[in-house]
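Structure file query_30.cif (mmCIF, C-alpha atoms and all ligand atoms) follows.
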```cif
data_query
loop_
_atom_site.label_atom_id
_atom_site.label_comp_id
_atom_site.auth_asym_id
_atom_site.auth_seq_id
_atom_site.Cartn_x
_atom_site.Cartn_y
_atom_site.Cartn_z
CA MET F 1 166.32 73.79 142.13
CA ASN F 2 167.87 74.39 138.73
CA LYS F 3 165.77 73.29 135.79
CA ASN F 4 166.44 73.48 132.10
CA ILE F 5 163.21 74.00 130.19
CA ALA F 6 163.05 73.52 126.43
CA VAL F 7 160.73 76.15 125.01
CA ILE F 8 158.87 75.72 121.75
CA ARG F 9 157.11 78.97 120.98
CA GLY F 10 155.84 77.62 117.66
CA ASP F 11 153.48 79.37 115.26
CA GLY F 12 150.46 81.68 115.32
CA ILE F 13 149.64 82.79 118.85
CA GLY F 14 152.29 80.39 120.22
CA PRO F 15 155.00 83.00 120.88
CA GLU F 16 152.52 85.36 122.60
CA ILE F 17 151.10 82.83 125.04
CA VAL F 18 154.44 81.19 125.80
CA GLY F 19 155.88 84.64 126.54
CA GLN F 20 153.29 85.13 129.28
CA ALA F 21 153.88 81.65 130.75
CA ILE F 22 157.62 82.37 130.96
CA ARG F 23 156.98 85.61 132.82
CA VAL F 24 154.99 83.58 135.34
CA LEU F 25 157.72 80.93 135.62
CA ASP F 26 160.35 83.62 136.19
CA LYS F 27 158.32 85.15 138.97
CA ILE F 28 157.88 81.75 140.62
CA ALA F 29 161.62 81.09 140.32
CA GLN F 30 162.34 84.39 142.01
CA GLN F 31 159.82 83.81 144.79
CA TYR F 32 160.78 80.23 145.57
CA GLY F 33 164.53 80.44 144.96
CA HIS F 34 164.66 78.31 141.81
CA SER F 35 166.58 78.93 138.65
CA PHE F 36 164.92 78.14 135.34
CA THR F 37 166.97 78.35 132.17
CA TYR F 38 165.30 78.20 128.79
CA THR F 39 166.53 76.53 125.64
CA GLU F 40 164.76 77.72 122.52
CA VAL F 41 163.61 74.93 120.21
CA ASP F 42 162.26 75.32 116.68
CA MET F 43 159.34 73.08 115.87
CA GLY F 44 156.38 73.33 113.51
CA GLY F 45 155.90 75.84 110.71
CA CYS F 46 158.71 78.10 111.89
CA ALA F 47 161.11 75.12 111.74
CA ILE F 48 159.93 74.27 108.23
CA ASP F 49 160.70 77.85 107.18
CA LYS F 50 164.11 77.86 108.87
CA TRP F 51 165.31 74.28 108.50
CA GLY F 52 163.10 72.73 105.82
CA GLU F 53 161.53 70.22 108.21
CA PRO F 54 159.14 70.48 111.16
CA LEU F 55 161.41 68.88 113.79
CA PRO F 56 165.09 68.59 112.85
CA LYS F 57 166.98 66.03 114.94
CA ALA F 58 169.09 68.71 116.66
CA GLN F 59 165.87 70.34 117.90
CA LEU F 60 164.48 67.04 119.22
CA ASP F 61 167.83 66.41 120.93
CA LYS F 62 167.50 69.72 122.80
CA CYS F 63 164.13 68.53 124.13
CA LEU F 64 165.55 65.15 125.12
CA ALA F 65 168.37 66.88 127.00
CA SER F 66 165.97 69.15 128.91
CA ASP F 67 164.18 68.63 132.20
CA SER F 68 160.86 69.33 130.47
CA VAL F 69 159.36 70.97 127.42
CA LEU F 70 156.90 73.87 127.26
CA LEU F 71 155.04 74.25 123.98
CA GLY F 72 152.74 76.98 122.65
CA ALA F 73 151.08 75.79 119.45
CA VAL F 74 152.09 74.88 115.92
CA GLY F 75 150.57 75.07 112.46
CA GLY F 76 148.78 77.58 110.26
CA PRO F 77 147.37 78.13 106.79
CA LYS F 78 150.80 78.92 105.37
CA TRP F 79 151.90 75.28 105.67
CA GLU F 80 148.56 73.60 105.01
CA GLY F 81 149.11 72.43 101.44
CA MET F 82 152.41 70.76 102.19
CA GLU F 83 153.03 67.01 101.92
CA GLY F 84 152.51 64.87 105.04
CA SER F 85 156.13 64.81 106.23
CA LYS F 86 156.51 68.58 105.83
CA ARG F 87 153.55 69.67 107.90
CA PRO F 88 153.88 71.40 111.27
CA GLU F 89 151.70 68.75 112.92
CA LYS F 90 154.23 66.12 111.90
CA GLY F 91 156.75 67.93 114.11
CA LEU F 92 154.45 67.55 117.08
CA LEU F 93 153.84 63.87 116.38
CA SER F 94 157.60 63.26 115.98
CA LEU F 95 158.26 65.08 119.23
CA ARG F 96 155.70 62.97 121.11
CA ALA F 97 157.08 59.76 119.62
CA GLY F 98 160.73 60.84 119.95
CA MET F 99 160.26 61.57 123.64
CA GLY F 100 158.18 58.40 124.19
CA LEU F 101 155.26 60.40 125.61
CA TYR F 102 152.50 57.84 125.55
CA ALA F 103 150.27 59.31 128.25
CA ASN F 104 148.41 62.51 127.51
CA ASN F 105 146.41 63.96 130.38
CA ARG F 106 143.73 66.48 129.39
CA PRO F 107 141.64 67.81 132.25
CA ALA F 108 138.14 69.12 131.56
CA LYS F 109 137.37 71.24 134.56
CA LEU F 110 134.83 73.99 134.78
CA TRP F 111 136.02 77.19 136.38
CA PRO F 112 132.86 78.31 138.20
CA GLN F 113 133.56 81.89 137.09
CA LEU F 114 133.20 80.76 133.48
CA ALA F 115 130.01 78.74 133.91
CA ASP F 116 128.13 81.21 131.70
CA ALA F 117 130.58 80.62 128.87
CA SER F 118 129.69 76.93 128.68
CA PRO F 119 127.39 76.14 125.76
CA LEU F 120 125.56 73.61 127.95
CA LYS F 121 122.33 74.41 129.80
CA PRO F 122 122.86 75.87 133.28
CA SER F 123 121.03 72.86 134.76
CA ILE F 124 123.67 70.53 133.32
CA VAL F 125 126.61 72.78 134.19
CA ALA F 126 125.33 73.12 137.76
CA LYS F 127 126.06 69.42 138.36
CA GLY F 128 129.75 70.19 137.85
CA ILE F 129 132.30 69.28 135.20
CA ASP F 130 135.55 67.81 136.46
CA PHE F 131 137.02 64.93 134.55
CA ILE F 132 140.22 63.94 132.81
CA VAL F 133 140.73 62.41 129.42
CA VAL F 134 143.74 60.10 129.53
CA ARG F 135 144.63 59.78 125.88
CA GLU F 136 147.08 57.26 124.43
CA LEU F 137 149.43 59.46 122.43
CA ILE F 138 151.98 57.52 120.37
CA GLY F 139 150.06 54.59 118.95
CA GLY F 140 146.99 53.73 116.94
CA VAL F 141 145.99 55.23 113.64
CA TYR F 142 148.22 58.28 114.10
CA PHE F 143 151.30 56.07 113.90
CA GLY F 144 150.11 53.15 111.75
CA GLU F 145 150.91 52.98 108.06
CA HIS F 146 149.40 55.73 105.89
CA LYS F 147 149.31 55.26 102.14
CA THR F 148 147.48 56.29 99.01
CA GLU F 149 147.74 54.02 95.97
CA VAL F 150 145.98 53.56 92.67
CA VAL F 151 143.80 50.44 92.49
CA ASN F 152 141.69 49.70 89.41
CA GLY F 153 142.18 53.22 88.11
CA GLU F 154 141.17 55.08 91.26
CA LYS F 155 143.01 56.24 94.34
CA VAL F 156 142.59 54.21 97.49
CA ALA F 157 143.82 55.61 100.80
CA THR F 158 144.56 53.46 103.83
CA ASP F 159 145.38 54.34 107.44
CA VAL F 160 146.22 51.46 109.72
CA MET F 161 145.30 51.46 113.43
CA PRO F 162 147.56 49.04 115.30
CA TYR F 163 147.67 48.52 119.07
CA SER F 164 149.77 45.99 120.91
CA GLU F 165 149.06 44.67 124.40
CA HIS F 166 151.99 46.45 126.04
CA GLU F 167 150.90 49.79 124.58
CA ILE F 168 147.41 49.31 125.97
CA GLU F 169 148.62 48.04 129.32
CA ARG F 170 150.87 51.01 130.09
CA ILE F 171 148.18 53.59 129.30
CA GLY F 172 145.54 51.46 131.02
CA ARG F 173 147.62 51.58 134.20
CA ILE F 174 147.87 55.36 133.93
CA GLY F 175 144.08 55.41 133.66
CA PHE F 176 143.60 53.30 136.81
CA GLU F 177 146.28 55.20 138.74
CA THR F 178 144.83 58.58 137.76
CA ALA F 179 141.42 57.38 138.95
CA MET F 180 142.92 56.20 142.26
CA LYS F 181 144.12 59.76 142.91
CA ARG F 182 140.66 61.19 142.17
CA ARG F 183 137.09 59.98 142.62
CA LYS F 184 138.09 56.39 141.69
CA LYS F 185 135.95 56.03 138.59
CA LEU F 186 137.43 54.92 135.29
CA CYS F 187 135.61 54.64 131.98
CA CYS F 188 137.31 52.94 129.05
CA VAL F 189 135.99 54.51 125.85
CA ASP F 190 136.23 52.47 122.66
CA LYS F 191 134.36 51.02 119.70
CA ALA F 192 134.43 47.38 120.77
CA ASN F 193 131.27 46.65 118.78
CA VAL F 194 133.28 47.20 115.59
CA LEU F 195 137.05 47.33 116.12
CA ASP F 196 139.49 44.57 116.99
CA THR F 197 141.80 47.12 118.62
CA SER F 198 138.97 48.05 120.98
CA ARG F 199 138.30 44.42 121.85
CA LEU F 200 141.98 44.01 122.69
CA TRP F 201 141.80 47.19 124.82
CA ARG F 202 138.95 45.69 126.81
CA ALA F 203 140.75 42.36 127.27
CA VAL F 204 143.86 44.13 128.60
CA MET F 205 141.80 46.42 130.84
CA HIS F 206 140.01 43.38 132.30
CA ARG F 207 143.41 41.89 133.11
CA LEU F 208 144.44 45.05 134.98
CA GLN F 209 141.14 45.53 136.79
CA PRO F 210 141.78 43.10 139.72
CA GLU F 211 144.88 45.13 140.62
CA TYR F 212 142.68 48.17 141.27
CA PRO F 213 139.69 46.76 143.18
CA GLU F 214 138.75 50.19 144.54
CA VAL F 215 138.22 51.65 141.09
CA GLU F 216 134.70 51.56 139.74
CA TYR F 217 135.44 50.51 136.16
CA SER F 218 133.09 50.89 133.21
CA GLU F 219 133.17 50.78 129.42
CA MET F 220 131.41 52.93 126.85
CA PHE F 221 131.32 53.11 123.07
CA VAL F 222 132.86 56.30 121.77
CA ASP F 223 129.74 57.53 119.96
CA ASN F 224 127.74 57.19 123.17
CA ALA F 225 130.57 58.85 125.12
CA ALA F 226 130.42 61.86 122.78
CA MET F 227 126.71 62.10 123.57
CA GLN F 228 127.08 61.56 127.33
CA ILE F 229 129.78 64.26 127.60
CA CYS F 230 127.24 66.89 126.59
CA LYS F 231 124.22 65.21 128.22
CA ASP F 232 125.70 64.68 131.68
CA PRO F 233 129.43 65.34 131.97
CA SER F 234 129.24 65.06 135.77
CA GLN F 235 129.11 61.25 135.40
CA PHE F 236 132.79 61.14 134.34
CA ASP F 237 135.89 61.11 136.51
CA VAL F 238 138.62 59.57 134.33
CA ILE F 239 138.22 58.47 130.72
CA VAL F 240 140.95 56.32 129.20
CA THR F 241 140.97 55.99 125.45
CA GLU F 242 143.02 55.47 122.32
CA ASN F 243 144.76 58.24 120.42
CA MET F 244 142.18 59.45 117.90
CA PHE F 245 139.12 59.01 120.13
CA GLY F 246 141.02 61.00 122.77
CA ASP F 247 141.81 63.74 120.29
CA ILE F 248 138.15 64.16 119.41
CA LEU F 249 136.63 63.76 122.87
CA SER F 250 139.13 66.13 124.51
CA ASP F 251 138.09 68.97 122.19
CA GLU F 252 134.46 68.33 123.07
CA ALA F 253 135.32 68.08 126.77
CA SER F 254 137.19 71.37 126.74
CA MET F 255 134.48 73.27 124.92
CA ILE F 256 131.79 72.44 127.45
CA THR F 257 133.96 73.99 130.17
CA GLY F 258 133.58 77.37 128.50
CA SER F 259 136.76 77.96 126.56
CA ILE F 260 139.34 75.74 125.00
CA GLY F 261 141.76 78.58 125.79
CA MET F 262 141.78 77.64 129.48
CA ILE F 263 142.83 74.01 129.28
CA PRO F 264 146.39 72.79 129.79
CA SER F 265 147.70 69.30 129.15
CA SER F 266 150.62 67.11 130.07
CA SER F 267 152.24 64.34 128.07
CA LEU F 268 154.48 61.93 129.90
CA GLY F 269 156.34 58.70 129.26
CA GLU F 270 158.57 56.64 131.49
CA GLY F 271 160.73 59.43 132.96
CA THR F 272 159.86 62.76 134.55
CA CYS F 273 160.63 64.82 131.43
CA GLY F 274 157.30 65.75 129.92
CA LEU F 275 155.72 67.98 127.33
CA TYR F 276 153.32 70.64 128.56
CA GLU F 277 151.05 72.63 126.30
CA PRO F 278 147.61 74.19 126.09
CA ILE F 279 145.23 71.94 124.18
CA HIS F 280 144.15 74.63 121.73
CA GLY F 281 145.78 75.31 118.37
CA SER F 282 147.75 78.20 116.93
CA ALA F 283 144.68 80.39 116.19
CA PRO F 284 146.16 82.10 113.11
CA ASP F 285 143.11 84.39 112.89
CA ILE F 286 144.16 86.30 116.01
CA ALA F 287 147.94 85.75 115.85
CA GLY F 288 150.11 88.79 116.49
CA GLN F 289 147.19 90.85 117.83
CA ASN F 290 147.85 90.41 121.55
CA LYS F 291 144.34 88.95 121.97
CA ALA F 292 145.00 85.30 122.79
CA ASN F 293 144.19 83.74 126.15
CA PRO F 294 147.50 82.77 127.79
CA ILE F 295 145.84 80.94 130.71
CA GLY F 296 145.97 77.48 129.10
CA THR F 297 149.73 77.86 128.67
CA ILE F 298 150.23 79.38 132.12
CA LEU F 299 148.36 76.42 133.62
CA ALA F 300 150.45 74.06 131.47
CA ALA F 301 153.55 75.60 133.06
CA ALA F 302 151.95 74.97 136.47
CA MET F 303 151.39 71.33 135.51
CA MET F 304 155.06 71.10 134.56
CA LEU F 305 156.09 72.34 138.00
CA LYS F 306 153.80 69.83 139.66
CA TYR F 307 154.27 66.69 137.59
CA SER F 308 157.86 66.99 136.33
CA PHE F 309 159.56 69.04 139.05
CA ASP F 310 157.57 68.03 142.16
CA MET F 311 156.90 71.69 142.93
CA ASP F 312 153.36 71.31 144.25
CA ALA F 313 153.24 74.57 146.20
CA GLU F 314 154.51 76.57 143.24
CA ALA F 315 151.93 75.01 140.93
CA ALA F 316 149.16 75.67 143.44
CA ALA F 317 150.26 79.32 143.69
CA ILE F 318 149.86 79.76 139.95
CA GLU F 319 146.43 78.10 139.94
CA ALA F 320 145.30 80.28 142.83
CA ALA F 321 146.54 83.41 141.04
CA VAL F 322 144.57 82.46 137.92
CA ASN F 323 141.52 81.83 140.07
CA ARG F 324 141.76 85.31 141.62
CA VAL F 325 142.19 86.96 138.23
CA LEU F 326 139.00 85.25 137.05
CA ASP F 327 137.25 86.28 140.27
CA LYS F 328 138.12 89.86 139.45
CA GLY F 329 136.30 89.49 136.15
CA LEU F 330 139.26 89.83 133.82
CA ARG F 331 138.73 87.96 130.55
CA THR F 332 140.33 87.61 127.16
CA GLY F 333 138.02 87.67 124.14
CA ASP F 334 137.46 83.89 123.98
CA CYS F 335 135.60 83.85 127.29
CA MET F 336 134.48 87.45 127.58
CA ALA F 337 131.09 87.85 129.26
CA GLU F 338 128.78 90.67 130.27
CA GLY F 339 130.03 92.65 133.24
CA CYS F 340 133.61 91.43 132.79
CA THR F 341 136.66 93.42 131.74
CA LEU F 342 138.30 92.58 128.43
CA VAL F 343 142.07 92.29 128.65
CA THR F 344 144.83 91.56 126.16
CA CYS F 345 147.15 88.57 126.25
CA THR F 346 149.87 90.62 127.99
CA GLY F 347 147.20 92.23 130.18
CA MET F 348 146.20 88.77 131.39
CA GLY F 349 149.87 87.97 132.02
CA ASP F 350 150.23 91.20 134.02
CA ALA F 351 147.16 90.32 136.07
CA VAL F 352 148.41 86.82 136.93
CA LEU F 353 151.82 88.22 137.90
CA ALA F 354 150.17 90.81 140.10
CA GLU F 355 148.27 88.08 141.95
CA LEU F 356 151.36 85.96 142.54
C1 LIG U 1 145.99 67.79 119.54
C2 LIG U 1 146.05 68.23 118.09
C3 LIG U 1 147.04 67.33 117.38
C4 LIG U 1 146.54 65.91 117.48
C5 LIG U 1 147.29 67.72 115.91
C6 LIG U 1 147.79 69.14 115.80
C7 LIG U 1 148.22 66.77 115.22
O1 LIG U 1 144.80 68.19 117.52
O2 LIG U 1 147.03 67.85 120.21
O3 LIG U 1 144.91 67.42 119.97
O4 LIG U 1 145.68 65.50 116.68
O5 LIG U 1 147.02 65.19 118.35
MG MG U 2 143.23 67.78 118.90
#
```

Spit out the file's structure as C-alpha cells when you get a sec.
Amino acid sequence: MNKNIAVIRGDGIGPEIVGQAIRVLDKIAQQYGHSFTYTEVDMGGCAIDKWGEPLPKAQLDKCLASDSVLLGAVGGPKWEGMEGSKRPEKGLLSLRAGMGLYANNRPAKLWPQLADASPLKPSIVAKGIDFIVVRELIGGVYFGEHKTEVVNGEKVATDVMPYSEHEIERIGRIGFETAMKRRKKLCCVDKANVLDTSRLWRAVMHRLQPEYPEVEYSEMFVDNAAMQICKDPSQFDVIVTENMFGDILSDEASMITGSIGMIPSSSLGEGTCGLYEPIHGSAPDIAGQNKANPIGTILAAAMMLKYSFDMDAEAAAIEAAVNRVLDKGLRTGDCMAEGCTLVTCTGMGDAVLAEL
C-alpha cells in the first residue's frame, strides 16, 4: 500500500521522538512491501516562529490531504506569554477541529515490565491496569466562548461549556462500540450533580444504551472517578467523558501505568484519516538532549497502521518489538529502574528496529 503521512515534528522533544517513529515506519514499509511518503507540516511554536501563527491554513490543508497525521508534541516556555490565538496549543486545537476529530482514544495499559515504575502500591497494580479513556475532543469548554471583560471595575473571565445532543451521541456510540470490542464495560464520567451538560450526556447515553444490551453501563461523577482511578483502576474497561474531564483523567490514567512517555493516542472523526500522537507534552527541559522516550510516539505510529491503514499485523509487530525491548531491560530516563540499562532516545529507536 502507498500511504501519505503528514508529519508534525513540533517543538521540544517532538522532532527527536518523531524521528525514531519514522525509522520504525520505514522498516515496516520495507518488510511488508508498503511505501510511506511523508509530508512535513509546521504546527505549534515552530509555526509561530516561521509563519506568525500556530497552524496556517496551508499546513492544515496538507493534513487534510494526507492519509493520516503523525504528531510529536507542541509548545514550550518560549511561546507561553503569547495571546490565546498565538499559542502553540491553539494550533493543536485548530487541527483537531479542522480535521473533525471528535473521538480521542487514550489507552491506560500497564506494561508488566514497568510495574515498579507505577506510583501505586504493588497490591493495586497487581490487579492489572488496562482501560481506555474515550475523550470527546472538539466540543465543550475548549471550544465554547472565552472572554475577559471589565464589569464594575474588575475583570471577569468566562468560558462557556456547550454540548449538543449530536455531539454527545457520536462520542457515546464510540464509547459503546469500544466497549463491545473489549471487556464490555462502559463508564460515563461526568458531573451530573452540578452541570446541565452532564445531565444531557446522561440522557443521550440512556437513549443509546438499549442498542448495546451486552454492555454493562455505569455512571460516575468525575471527582469520584479521579479517586477510583488510583484506588482500584482494575474496575475500569472503557471510560467515556467530555473534553476537559478526559484531558485531566487521561493524565492521571497514564501516570499510574508508570510513565506518561509510553502512552500513544488516536484521534478520529468520520473518515479513516486520523491524528496519532503520544499523550505527553514537548518536555522542554530535556529537549535536544537525546533523552526522551520515543515509545509513546512509536506506539502512536503502530496505532495509525492499525486504525487508519488496516495494517493489523504490522501494528502488532511494532508492539511486540517494544515488548521485547522492555523485556531486555532497556529504559529511557523517565522509566529507568534498578537493574535496567539506560538508553538514549536514538538508542531506544535502534533497539526497537533491531527487534523488528
Ligand atoms: C492534551 C493536551 C492538550 C489538551 C493541550 C496541549 C491543549 O493537554 O492533548 O491532553 O488539553 O487537549
Ligand atoms: Mg492533556

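With only C-alpha atoms as the basis for measurement, F:Ile48 is the residue among F:Ile48, F:Val41, F:Gly271, F:Gly33 that approaches Glu83 in chain F most closely.
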
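Around ligand MG 2 (chain U), using only C-alpha atoms and all ligand atoms and a cut-off of 10 Å, the residues in contact are F:Asn243, F:Met244, F:Phe245, F:Gly246, F:Asp247, F:Ile248, F:Leu249, F:Ser250, F:Asp251, F:Glu252, F:Ile279, F:His280, F:Gly281.
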
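Look at range 122-125 of chain F: the protein and nucleic acid residues within 12 Å of it, using all atoms listed in the file and passing over chain neighbours fewer than 2 places away, are F:Lys109, F:Leu110, F:Trp111, F:Pro112, F:Gln113, F:Leu114, F:Ala115, F:Asp116, F:Ala117, F:Ser118, F:Pro119, F:Leu120, F:Lys127, F:Gly128, F:Ile129, F:Asp130, F:Gln228, F:Ile229, F:Cys230, F:Lys231, F:Asp232, F:Pro233, F:Ser234, F:Gln235, F:Ile256, F:Thr257, F:Gly258.
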
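Computed from the coordinates, the CA of Pro294 in chain F to CA of Cys345 in chain F distance equals 6.0 Å.
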
message: Would you compute the distance between CA of Asp11 in chain F and CA of Val74 in chain F? Give it in Å to one decimal.
response: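 CA of Asp11 in chain F sits 4.7 Å away from CA of Val74 in chain F.
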
task: Write out as a PyMOL selection string which residues come within 9 Å of range 174-189 of chain F when counting all atoms listed in the file, dropping same-chain ones fewer than 6 positions away.
output: chain F and resi 103+132-135+198+201-202+205+208-209+212+214-222+225+236-242+245-246

- request: Enter the distance from CA of Pro210 in chain F to CA of Glu169 in chain F, in Å, rounded to one decimal.
  value: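 Going from CA of Pro210 in chain F over to CA of Glu169 in chain F covers 13.4 Å.
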
- request: Counting all atoms listed in the file, figure out which residue out of F:Ala6, F:Ile168, F:Ile263, F:Leu60 gets nearest to ligand LIG 1 (chain U).
  value: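 Using all atoms listed in the file, the shortest distance to ligand LIG 1 (chain U) belongs to F:Ile263.
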
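Checking F:Met311, F:Leu299, F:Ala253, F:Val156 one by one against Lys3 in chain F, counting only C-alpha atoms, you find the shortest gap at F:Met311.
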
query: Using only C-alpha atoms and all ligand atoms, which of the listed residues (F:Gly98, F:Pro107, F:Pro278, F:Pro213) sits closest to ligand LIG 1 (chain U)?
result: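 Distance minimum relative to ligand LIG 1 (chain U) lands on F:Pro278.
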
task: Name the residues in contact with Gly140 in chain F at a cut-off of 9 Å, using all atoms listed in the file, excluding same-chain residues fewer than 4 positions from it; report them as a PyMOL selection string.
output: chain F and resi 136+144+160-163+197+242-244

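Minimum distance to ligand LIG 1 (chain U) across F:Ser308, F:Thr341, F:Ser94, F:Gln59 (counting only C-alpha atoms and all ligand atoms) occurs at F:Ser94.
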
message: Considering only C-alpha atoms, can you say which of F:Thr37, F:Ser85, F:Ser68, F:Ser259 comes closest to Pro56 in chain F?
response: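 Distance minimum relative to Pro56 in chain F lands on F:Ser85.
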
message: Which residues are near range 326-329 of chain F? Cut-off 10 Å, all atoms listed in the file, ignore same chain within fewer than 5 positions. Put them as a PyMOL selection string.
response: chain F and resi 111-114+320-321+336-343+348+351-352
